[in-house]
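**Q** Contents of start_10.cif (mmCIF, C-alpha atoms) are below:
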```cif
data_model
loop_
_atom_site.label_atom_id
_atom_site.label_comp_id
_atom_site.auth_asym_id
_atom_site.auth_seq_id
_atom_site.Cartn_x
_atom_site.Cartn_y
_atom_site.Cartn_z
CA MET A 22 74.91 115.79 32.08
CA THR A 23 76.26 112.28 31.93
CA ARG A 24 77.87 111.11 35.15
CA VAL A 25 81.37 109.74 34.63
CA SER A 26 81.58 106.19 36.00
CA LEU A 27 84.90 106.04 37.79
CA ARG A 28 84.28 102.47 38.90
CA GLY A 29 83.73 101.70 35.23
CA VAL A 30 87.08 103.25 34.37
CA ALA A 31 88.81 101.13 37.00
CA ARG A 32 87.04 98.01 35.73
CA ARG A 33 88.16 98.77 32.18
CA VAL A 34 91.78 99.02 33.35
CA ALA A 35 91.50 95.68 35.16
CA ARG A 36 89.80 94.15 32.13
CA LYS A 37 92.70 95.28 29.94
CA GLN A 38 95.07 93.41 32.24
CA ARG A 39 93.02 90.22 31.89
CA MET A 40 92.87 90.68 28.13
CA VAL A 41 96.63 91.10 27.99
CA ALA A 42 97.10 87.85 29.90
CA ALA A 43 94.82 86.02 27.46
CA LEU A 44 96.30 87.34 24.21
CA PRO A 45 97.13 84.62 21.67
CA TYR A 46 100.84 85.25 21.38
CA ALA A 47 101.19 82.73 18.55
CA ARG A 48 99.80 85.50 16.36
CA MET A 49 102.44 88.22 16.64
CA PRO A 50 100.87 91.66 16.91
CA SER A 51 102.20 94.64 15.00
CA GLN A 52 105.00 96.70 16.51
CA GLY A 53 102.54 99.44 17.41
CA ALA A 54 100.12 97.00 19.02
CA ARG A 55 102.92 95.37 21.02
CA ARG A 56 104.14 98.75 22.26
CA GLU A 57 100.62 99.67 23.31
CA GLU A 58 100.23 96.33 25.06
CA ILE A 59 103.45 96.91 27.02
CA LEU A 60 102.32 100.40 28.07
CA GLN A 61 98.88 99.22 29.18
CA THR A 62 100.36 96.32 31.13
CA ALA A 63 102.98 98.52 32.76
CA ALA A 64 100.29 101.04 33.74
CA VAL A 65 98.29 98.34 35.51
CA LEU A 66 101.38 97.04 37.33
CA PHE A 67 102.63 100.48 38.36
CA ALA A 68 99.14 101.35 39.62
CA SER A 69 98.97 98.22 41.76
CA SER A 70 102.60 97.55 42.73
CA GLY A 71 104.13 101.02 42.56
CA LEU A 72 107.61 102.09 41.58
CA ARG A 73 109.13 98.76 42.58
CA THR A 74 107.63 97.13 39.47
CA SER A 75 110.47 95.68 37.40
CA LEU A 76 110.95 95.25 33.66
CA SER A 77 110.96 91.49 34.10
CA GLU A 78 107.54 91.66 35.77
CA ILE A 79 106.22 93.76 32.90
CA SER A 80 107.62 91.38 30.27
CA ASP A 81 106.24 88.36 32.17
CA ALA A 82 102.78 89.94 32.30
CA CYS A 83 102.99 90.58 28.55
CA GLY A 84 104.13 87.03 27.91
CA ILE A 85 107.33 88.10 26.17
CA LEU A 86 111.02 87.80 26.91
CA PRO A 87 112.77 90.82 28.50
CA GLY A 88 114.93 91.08 25.37
CA SER A 89 111.82 91.55 23.23
CA LEU A 90 110.64 94.35 25.49
CA TYR A 91 113.89 96.24 24.82
CA HIS A 92 112.94 96.47 21.15
CA HIS A 93 110.24 98.93 22.23
CA PHE A 94 111.58 100.58 25.39
CA ASP A 95 115.22 100.82 26.42
CA SER A 96 114.48 101.10 30.16
CA LYS A 97 111.77 101.13 32.80
CA GLU A 98 112.13 104.88 32.94
CA SER A 99 111.32 105.24 29.23
CA ILE A 100 108.01 103.46 29.91
CA MET A 101 107.34 105.77 32.85
CA VAL A 102 108.11 108.82 30.71
CA GLU A 103 105.65 107.68 28.04
CA LEU A 104 102.92 107.07 30.63
CA VAL A 105 103.40 110.52 32.15
CA HIS A 106 103.37 112.18 28.70
CA ARG A 107 100.03 110.53 27.97
CA TYR A 108 98.69 111.61 31.34
CA HIS A 109 99.71 115.21 30.74
CA ASP A 110 98.26 115.14 27.21
CA ASP A 111 94.93 113.91 28.58
CA LEU A 112 94.87 116.68 31.18
CA ASP A 113 95.58 119.23 28.44
CA ARG A 114 92.68 117.79 26.46
CA VAL A 115 90.12 118.08 29.26
CA ALA A 116 91.39 121.58 30.06
CA LYS A 117 90.77 122.70 26.47
CA GLU A 118 87.32 121.13 26.50
CA ALA A 119 86.50 122.98 29.73
CA LEU A 120 87.60 126.31 28.25
CA ASP A 121 85.50 125.63 25.15
CA THR A 122 82.38 125.55 27.35
CA LEU A 123 82.88 129.27 28.03
CA HIS A 124 82.04 129.96 24.37
CA GLU A 125 78.94 127.80 24.02
CA PRO A 126 76.00 129.48 22.21
CA VAL A 127 73.76 128.79 25.21
CA PRO A 128 75.89 129.27 28.34
CA ARG A 129 75.39 126.89 31.23
CA ALA A 130 75.44 127.72 34.92
CA ALA A 131 78.96 128.30 36.24
CA GLU A 132 78.65 125.58 38.86
CA ASP A 133 77.58 123.03 36.24
CA ARG A 134 80.69 123.77 34.18
CA ILE A 135 82.94 123.49 37.24
CA VAL A 136 81.40 120.19 38.33
CA GLU A 137 81.64 118.73 34.82
CA PHE A 138 85.29 119.77 34.55
CA GLY A 139 85.98 118.28 37.96
CA ARG A 140 84.54 114.94 36.84
CA ALA A 141 86.78 114.96 33.77
CA ILE A 142 89.88 115.65 35.91
CA ALA A 143 88.90 112.87 38.31
CA GLU A 144 88.49 110.45 35.42
CA CYS A 145 92.00 111.34 34.23
CA GLY A 146 93.32 110.68 37.72
CA VAL A 147 91.71 107.23 37.80
CA GLN A 148 92.53 106.26 34.23
CA HIS A 149 96.16 107.40 34.57
CA ARG A 150 96.61 106.25 38.15
CA ALA A 151 100.08 104.89 37.44
CA ALA A 152 101.38 108.22 36.12
CA LEU A 153 99.59 110.09 38.91
CA LEU A 154 101.26 107.98 41.59
CA LEU A 155 104.66 108.18 39.90
CA THR A 156 104.48 112.00 39.93
CA LEU A 157 102.59 112.37 43.20
CA TYR A 158 105.19 114.49 44.91
CA GLU A 159 108.87 114.73 44.03
CA PRO A 160 110.64 112.38 41.59
CA PRO A 161 112.52 109.51 43.25
CA MET A 162 116.24 110.02 43.66
CA VAL A 163 116.91 107.12 41.29
CA ALA A 164 114.97 108.79 38.46
CA GLY A 165 116.80 110.00 35.38
CA GLU A 166 116.86 113.59 34.21
CA GLU A 167 114.00 113.29 31.72
CA PHE A 168 111.57 111.66 34.14
CA ALA A 169 112.60 113.98 36.99
CA GLY A 170 111.83 116.98 34.80
CA LEU A 171 108.41 115.60 33.91
CA ALA A 172 107.60 114.70 37.51
CA LEU A 173 108.46 118.20 38.70
CA HIS A 174 106.33 119.75 35.97
CA THR A 175 102.85 120.08 37.41
CA PRO A 176 100.38 120.34 34.51
CA SER A 177 99.31 123.96 34.47
CA SER A 178 96.57 123.63 31.88
CA ILE A 179 93.90 122.27 34.23
CA HIS A 180 94.68 124.93 36.86
CA ALA A 181 94.47 127.70 34.24
CA ALA A 182 91.19 126.33 32.90
CA MET A 183 89.68 125.96 36.37
CA LEU A 184 90.75 129.51 37.20
CA GLU A 185 88.98 130.82 34.09
CA LEU A 186 85.80 128.94 35.00
CA LEU A 187 85.93 130.40 38.52
CA ARG A 188 86.50 133.93 37.17
CA ALA A 189 83.53 133.53 34.88
CA GLY A 190 81.55 132.27 37.86
CA ARG A 191 82.50 135.28 39.94
CA ALA A 192 81.60 137.64 37.09
CA SER A 193 78.15 136.04 36.90
CA GLY A 194 77.73 136.24 40.68
CA ALA A 195 77.92 132.46 41.20
CA ILE A 196 81.21 132.54 43.18
CA ARG A 197 81.44 134.67 46.30
CA PRO A 198 83.84 137.63 46.41
CA GLY A 199 86.78 137.65 48.81
CA ILE A 200 87.99 134.12 48.02
CA ASP A 201 91.44 133.67 46.48
CA LEU A 202 90.47 132.13 43.14
CA GLY A 203 94.01 130.92 42.40
CA LEU A 204 94.12 128.91 45.63
CA LEU A 205 90.58 127.66 45.07
CA ALA A 206 91.41 126.52 41.52
CA ASP A 207 94.41 124.58 42.79
CA ARG A 208 92.41 123.06 45.63
CA LEU A 209 89.66 121.88 43.27
CA CYS A 210 92.13 120.40 40.77
CA GLN A 211 94.14 118.57 43.41
CA SER A 212 91.03 117.20 45.10
CA MET A 213 89.82 115.82 41.77
CA LEU A 214 93.17 114.37 40.69
CA HIS A 215 93.60 112.66 44.05
CA VAL A 216 90.43 110.67 43.47
CA GLY A 217 92.80 108.43 41.54
CA VAL A 218 95.30 108.13 44.40
CA GLY A 219 93.06 106.25 46.77
CA VAL A 220 90.36 103.69 46.16
CA SER A 221 87.29 105.47 47.51
CA HIS A 222 85.83 105.52 44.00
CA LEU A 223 85.76 101.70 44.14
CA THR A 224 83.68 101.53 47.33
CA PRO A 225 79.86 101.24 47.22
CA GLY A 226 78.54 104.62 46.09
CA GLY A 227 82.01 105.59 44.88
CA ASP A 228 80.70 107.05 41.61
CA ALA A 229 79.48 110.01 43.66
CA VAL A 230 82.94 110.83 45.05
CA PRO A 231 83.98 113.50 42.49
CA ASP A 232 80.66 115.34 42.62
CA MET A 233 80.53 115.22 46.41
CA ARG A 234 84.08 116.51 46.82
CA ILE A 235 83.33 119.47 44.57
CA ARG A 236 79.95 120.15 46.19
CA ILE A 237 81.57 120.27 49.63
CA LEU A 238 83.99 122.97 48.42
CA LEU A 239 81.35 124.91 46.48
CA ASP A 240 78.35 124.59 48.81
CA GLY A 241 79.98 124.06 52.22
CA LEU A 242 78.78 121.92 55.10
CA ALA A 243 77.25 124.59 57.33
CA ARG A 244 73.53 125.19 57.05
CA ARG A 245 74.15 128.72 58.32
CA SER A 246 77.54 130.31 57.58
CA PRO A 247 79.56 130.60 60.81
CA ALA A 248 81.47 133.78 61.61
CA ASP A 249 85.24 133.62 62.09
CA ALA A 250 84.92 135.16 65.55
CA THR A 251 82.58 132.36 66.65
CA LEU A 252 84.89 129.66 65.30
CA ASP A 253 87.94 131.29 66.89
CA ARG A 254 86.33 131.13 70.34
CA SER A 255 85.33 127.47 70.16
CA ASN A 256 86.53 124.93 72.70
CA ALA A 257 87.51 122.69 69.81
CA LEU A 258 89.96 125.22 68.38
CA ARG A 259 91.28 125.90 71.88
CA ALA A 260 91.96 122.18 72.28
CA ALA A 261 93.65 122.04 68.88
CA ARG A 262 95.94 124.97 69.67
CA HIS A 263 96.94 123.49 73.01
CA ALA A 264 97.76 120.12 71.42
CA ILE A 265 99.77 121.79 68.64
CA GLU A 266 101.77 123.78 71.20
CA ARG A 267 102.75 120.52 72.87
CA TRP A 268 104.45 119.41 69.66
CA ASP A 269 107.26 121.82 70.53
CA VAL A 270 107.74 120.65 74.12
CA PRO A 271 111.19 118.99 74.23
CA ASP A 272 111.71 115.60 75.81
CA GLU A 273 114.00 116.29 78.75
CA ASP A 274 115.24 112.68 78.76
CA ALA A 275 116.08 112.64 75.05
CA ASP A 276 119.63 111.99 73.86
CA ASP A 277 120.76 115.04 71.84
CA ARG A 278 122.83 112.94 69.45
CA LEU A 279 119.95 110.53 68.90
CA GLU A 280 117.55 113.42 68.32
CA HIS A 281 119.94 114.86 65.74
CA LEU A 282 120.14 111.53 63.96
CA MET A 283 116.36 111.17 63.93
CA ALA A 284 116.05 114.64 62.37
CA VAL A 285 118.62 113.75 59.72
CA ALA A 286 116.83 110.45 59.00
CA ARG A 287 113.48 112.24 58.58
CA SER A 288 115.06 114.64 56.11
CA GLU A 289 116.80 111.90 54.11
CA PHE A 290 113.71 109.67 54.00
CA GLY A 291 111.63 112.64 52.91
CA ARG A 292 114.12 113.71 50.24
CA ARG A 293 115.07 110.33 48.82
CA GLY A 294 112.16 108.08 49.75
CA TYR A 295 112.47 105.20 52.19
CA GLU A 296 113.58 102.49 49.80
CA ALA A 297 116.24 104.62 48.10
CA THR A 298 117.76 105.78 51.40
CA THR A 299 120.52 103.71 52.98
CA MET A 300 121.94 103.85 56.48
CA ARG A 301 125.17 105.02 54.85
CA ASP A 302 123.26 108.01 53.39
CA ILE A 303 122.01 108.88 56.86
CA ALA A 304 125.45 108.45 58.38
CA THR A 305 127.04 110.70 55.74
CA ALA A 306 124.42 113.42 56.20
CA ALA A 307 124.88 113.23 60.00
CA GLU A 308 128.70 113.21 59.63
CA LEU A 309 129.01 109.98 61.61
CA SER A 310 130.24 106.50 60.84
CA THR A 311 127.76 103.93 59.55
CA GLY A 312 128.57 101.68 62.51
CA THR A 313 127.69 104.45 64.98
CA VAL A 314 124.36 105.00 63.24
CA TYR A 315 123.52 101.29 63.44
CA ARG A 316 124.40 101.20 67.16
CA LEU A 317 122.20 104.21 67.91
CA LEU A 318 119.28 103.54 65.59
CA GLY A 319 119.25 99.83 64.80
CA SER A 320 117.83 98.71 61.44
CA LYS A 321 116.37 101.00 58.79
CA ASP A 322 112.92 99.47 59.30
CA ARG A 323 113.11 100.18 63.02
CA LEU A 324 114.24 103.72 62.28
CA LEU A 325 111.31 104.38 59.93
CA LEU A 326 108.89 102.99 62.48
CA SER A 327 110.35 105.25 65.17
CA VAL A 328 110.19 108.36 62.98
CA MET A 329 106.62 107.77 61.84
CA SER A 330 105.38 106.60 65.25
CA SER A 331 106.48 109.86 66.83
CA TYR A 332 104.73 111.79 64.06
CA SER A 333 101.59 109.69 64.29
CA ASP A 334 101.41 110.01 68.08
CA LYS A 335 101.43 113.82 67.83
CA VAL A 336 98.81 113.92 65.11
CA VAL A 337 96.54 111.43 66.86
CA ALA A 338 96.84 113.29 70.18
CA ALA A 339 95.78 116.57 68.54
CA TRP A 340 92.95 114.91 66.63
CA ASP A 341 91.63 113.15 69.74
CA ALA A 342 91.81 116.35 71.79
CA VAL A 343 89.54 118.07 69.27
CA VAL A 344 87.07 115.17 69.05
CA ARG A 345 86.81 114.95 72.87
CA SER A 346 86.29 118.71 73.30
CA SER A 347 82.95 120.19 74.28
CA ALA A 348 82.02 121.88 71.01
CA SER A 349 79.61 121.66 68.09
CA PRO A 350 80.32 119.24 65.22
CA LEU A 351 81.01 122.11 62.83
CA SER A 352 83.47 123.73 65.24
CA LYS A 353 85.24 120.39 65.61
CA LEU A 354 85.59 120.04 61.84
CA ASP A 355 87.02 123.56 61.73
CA ALA A 356 89.53 122.69 64.46
CA LEU A 357 90.48 119.43 62.73
CA MET A 358 91.26 121.41 59.60
CA TRP A 359 93.54 123.63 61.67
CA VAL A 360 95.31 120.51 62.92
CA ALA A 361 95.72 119.29 59.32
CA ILE A 362 97.09 122.68 58.23
CA ASN A 363 99.66 122.62 61.00
CA VAL A 364 100.60 119.02 60.26
CA LEU A 365 101.46 119.89 56.66
CA ASP A 366 103.24 123.04 57.80
CA ARG A 367 105.27 121.46 60.61
CA PHE A 368 105.84 117.87 59.49
CA SER A 369 106.78 118.30 55.84
CA ASP A 370 109.40 115.53 56.01
CA GLU A 371 106.92 113.01 57.39
CA VAL A 372 104.39 114.01 54.73
CA ARG A 373 107.03 113.45 52.04
CA ILE A 374 107.81 110.04 53.51
CA THR A 375 104.12 109.11 53.41
CA LEU A 376 103.74 110.20 49.79
CA ALA A 377 106.93 108.42 48.74
CA TRP A 378 105.65 105.31 50.52
CA MET A 379 102.37 105.48 48.59
CA ARG A 380 104.35 105.71 45.35
CA GLN A 381 106.15 102.50 46.33
CA SER A 382 103.08 100.75 47.78
CA PRO A 383 99.85 102.21 46.34
CA PRO A 384 96.64 101.75 48.37
CA SER A 385 94.92 98.60 47.20
CA THR A 386 91.84 98.31 49.41
CA SER A 387 89.32 100.68 50.92
CA SER A 388 90.90 100.16 54.33
CA SER A 389 94.55 100.59 53.26
CA PRO A 390 96.02 103.00 55.82
CA SER A 391 98.46 105.74 54.95
CA LEU A 392 101.80 105.36 56.70
CA GLY A 393 101.51 106.89 60.17
CA VAL A 394 97.87 107.96 59.88
CA ALA A 395 95.00 106.30 61.82
CA PHE A 396 92.62 106.38 58.84
CA PRO A 397 89.86 104.02 60.08
CA THR A 398 89.59 105.83 63.42
CA GLN A 399 89.51 109.25 61.79
CA LEU A 400 86.88 108.09 59.30
CA ARG A 401 84.72 106.83 62.17
CA HIS A 402 85.06 110.15 64.01
CA VAL A 403 84.09 112.16 60.92
CA LYS A 404 81.12 109.92 60.27
CA ALA A 405 79.92 110.49 63.85
CA LEU A 406 80.40 114.27 63.55
CA LEU A 407 78.38 114.36 60.34
CA ALA A 408 75.58 112.32 61.87
CA SER A 409 75.48 114.53 64.96
CA GLY A 410 75.59 117.73 62.91
CA SER A 411 72.82 116.49 60.64
CA ARG A 412 70.58 115.64 63.59
CA SER A 413 71.11 119.07 65.14
CA GLY A 414 70.50 120.83 61.83
CA GLU A 415 73.96 122.42 61.85
CA ILE A 416 75.40 120.42 58.92
CA ARG A 417 73.85 119.77 55.53
CA LEU A 418 75.30 117.06 53.31
CA GLU A 419 73.13 114.73 51.29
CA GLY A 420 73.58 112.04 48.67
CA ALA A 421 75.58 108.82 48.39
CA THR A 422 76.17 106.64 51.44
CA ALA A 423 77.23 107.72 54.93
CA GLU A 424 80.59 106.05 54.26
CA THR A 425 81.17 108.01 51.04
CA ARG A 426 80.11 111.27 52.68
CA ALA A 427 82.53 110.68 55.55
CA ARG A 428 85.38 109.82 53.18
CA CYS A 429 84.81 112.98 51.17
CA VAL A 430 84.69 115.17 54.27
CA LEU A 431 87.84 113.52 55.65
CA GLU A 432 89.59 114.37 52.36
CA ALA A 433 88.35 117.94 52.71
CA VAL A 434 89.74 118.13 56.26
CA TRP A 435 93.21 116.92 55.27
CA GLY A 436 93.10 118.81 51.99
CA ALA A 437 92.76 122.03 53.98
CA GLY A 438 96.53 121.97 54.38
CA ALA A 439 97.22 121.86 50.63
CA PRO A 440 97.72 125.66 50.22
CA VAL A 441 100.23 125.84 53.11
CA THR A 442 103.37 125.66 50.98
CA ALA A 443 102.20 128.32 48.55
CA ALA A 444 100.34 130.68 50.84
CA GLY A 445 100.99 129.84 54.52
CA PRO A 446 98.77 128.61 57.36
CA ALA A 447 96.59 131.71 57.67
CA ALA A 448 95.60 131.72 54.00
CA ALA A 449 95.02 127.96 54.11
CA ARG A 450 92.64 128.34 57.05
CA ALA A 451 90.78 131.21 55.35
CA LEU A 452 90.27 129.10 52.23
CA ALA A 453 89.20 126.07 54.28
CA ARG A 454 86.55 128.04 56.11
CA ASP A 455 85.36 129.75 52.93
CA THR A 456 84.96 126.43 51.15
CA VAL A 457 84.43 123.43 53.42
CA LEU A 458 82.34 125.33 55.96
CA ARG A 459 80.71 128.22 54.07
CA GLY A 460 81.01 127.12 50.45
CA ALA A 461 82.64 129.13 47.67
CA ALA A 462 79.39 129.42 45.70
CA THR A 463 76.91 132.20 46.37
CA ARG A 464 73.98 130.95 48.37
CA ALA A 465 70.48 131.56 47.15
#
```
Now, as a test, write the supplied structure out as structure tokens.
**A**
Amino acid sequence: MTRVSLRGVARRVARKQRMVAALPYARMPSQGARREEILQTAAVLFASSGLRTSLSEISDACGILPGSLYHHFDSKESIMVELVHRYHDDLDRVAKEALDTLHEPVPRAAEDRIVEFGRAIAECGVQHRAALLLTLYEPPMVAGEEFAGLALHTPSSIHAAMLELLRAGRASGAIRPGIDLGLLADRLCQSMLHVGVGVSHLTPGGDAVPDMRIRILLDGLARRSPADATLDRSNALRAARHAIERWDVPDEDADDRLEHLMAVARSEFGRRGYEATTMRDIATAAELSTGTVYRLLGSKDRLLLSVMSSYSDKVVAAWDAVVRSSASPLSKLDALMWVAINVLDRFSDEVRITLAWMRQSPPSTSSSPSLGVAFPTQLRHVKALLASGSRSGEIRLEGATAETRARCVLEAVWGAGAPVTAAGPAAARALARDTVLRGAATRA
């Protein structure tokens, strides 16, 4: 099988931008070529600058006047709609190709088909990074009806194809019984698509990211499969539960009116996105005057910092409690997944704010932190846990660099919370243990 070069895909996108800048505009391209040039340029700008990219910036990058751009697209949203349509069409294509492998004259191993499909999904996520970021969560409040409908429509073709591959794998004995295949299919697809959200694929050894993410979910990290009863008794999980319980402890010195306003602000930021939310919006939702809101909360920037600092402090406290506990590396990873599951279950507004922020300001470097999340520290902790677990023989994970392995495991930890909305915390934990720890594939 040919390995898909995701760094190569990213380089091709950047090269297209340089080519656009160097086009000899004295020779007018055809209408179709100009339209394609505008789309390619817009895709590069949206992928690097996010939703704030303006039509004037797109026209400047193309070397044309804004009026000329309107001959091809009547609005920024029409460009976004076209980019998302192309993204969805590409996902439909790779889904069909994956299903076609089920009818090959000489069938391949189930795991090989799943890994190959995963690579194709990851390539789509990287190549269509702009559309992926624009539809990452919910459509922005300023979006029109057509784009909002597209953004809310999660492509079902890749999930259906992945589910069929998993069913075929279970029928052949390659996938263990007892695992919810629908949740597993969604988890695999989201993990692969989100390769395009961050920039891990651009780091040294980044070409291995898609394969490693899938192998973690299929093969697991544990050299010997741990029992639920053993994991449930670990000091790490005990520390995680205690820290999570403290999230509900009220601050006796807190001002009730201020707490109410903070809750309203979290909800509005999560629903609208930070940039689209005004202090007047918050005041209206809280049924207070705008002046009162300013007196209590200060500026919008200060308010966002306060909301996300409180969230970050709780998450970091729970994470640190697990890392400091007296437990095995594998038990700590299990407990960290339980923290992640509870974060996505309990702090949905803050998660929405983070995703909306990424849509506005996409990660641009390997060290770009997510809003409110101590990424470098968490990456260092995971790297240490993997090293310790490898030395003790408890964890098996080979290939790529230590940095890439740690990044992939950190994604697996936070990705454990993905099924929460659809299935609840208990089902999310069961899937996390059956994939990240034990592996969904049948062991030889």
**Q** Between A:Ser409, A:Ala297, A:Phe396, A:Gly319, which has the minimum distance to A:Ala348 (counting all atoms listed in the file)?
**A**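 Using all atoms listed in the file, the shortest distance to A:Ala348 belongs to A:Ser409.
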**Q** Ranking A:Ser346, A:Thr122, A:Ser80, A:Ser369 by minimum distance to A:Ala264 and counting all atoms listed in the file, which one comes first?
**A**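 Among the listed residues, A:Ser346 lies closest to A:Ala264.
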**Q** Would you mind telling me which residue in A:Gln399, A:Ser193, A:Ser352, A:Thr251 lies nearest to A:Val336 when using all atoms listed in the file?
**A**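 Of all the options, A:Gln399 lies closest to A:Val336.
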**Q** Please return, as a list in words, all polymer residues that have at least one atom within 10 Å of the point (113.1, 114.6, 67.2); use only C-alpha atoms and the file's own coordinate frame.
**A**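 Residues with an atom at most 10 Å from (113.1, 114.6, 67.2): Asp269, Pro271, Asp272, Ala275, Asp276, Asp277, Leu279, Glu280, His281, Leu282, Met283, Ala284, Val285, Ala286, Arg287, Ser327, Val328, Ser331 and Tyr332 of chain A.
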**Q** Please compute the atom CA of A:Gly219-atom CA of A:Ala68 distance, one decimal, in Å.
**A** 10.6 Å
**Q** What lies within 10 Å of stretch 423-425 of chain A using all atoms listed in the file, ignoring chain neighbours under 5 positions off, as an MDAnalysis selection string?
**A** chainID A and resid 221:222 224:230 233:234 400:401 403:405 407:408 418 430:431
**Q** I'd like the interatomic distance between atom CA of A:Pro128 and atom CA of A:Leu204, to a tenth of an Å.
**A** 25.1 Å
**Q** Restricting the calculation to only C-alpha atoms, which member of A:Pro87, A:Glu125, A:Ile142, A:Val457 is positioned closest to A:Asp111?
**A**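 That would be A:Ile142, the residue with the smallest distance to A:Asp111.
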**Q** I'd like the residues picked by the PyMOL selection byres ((chain A and resi 246) around 10) written out as an MDAnalysis selection string, using the chain letters and numbers from the file.
**A** chainID A and resid 241:245 247:249 415 454:455 458:460 464
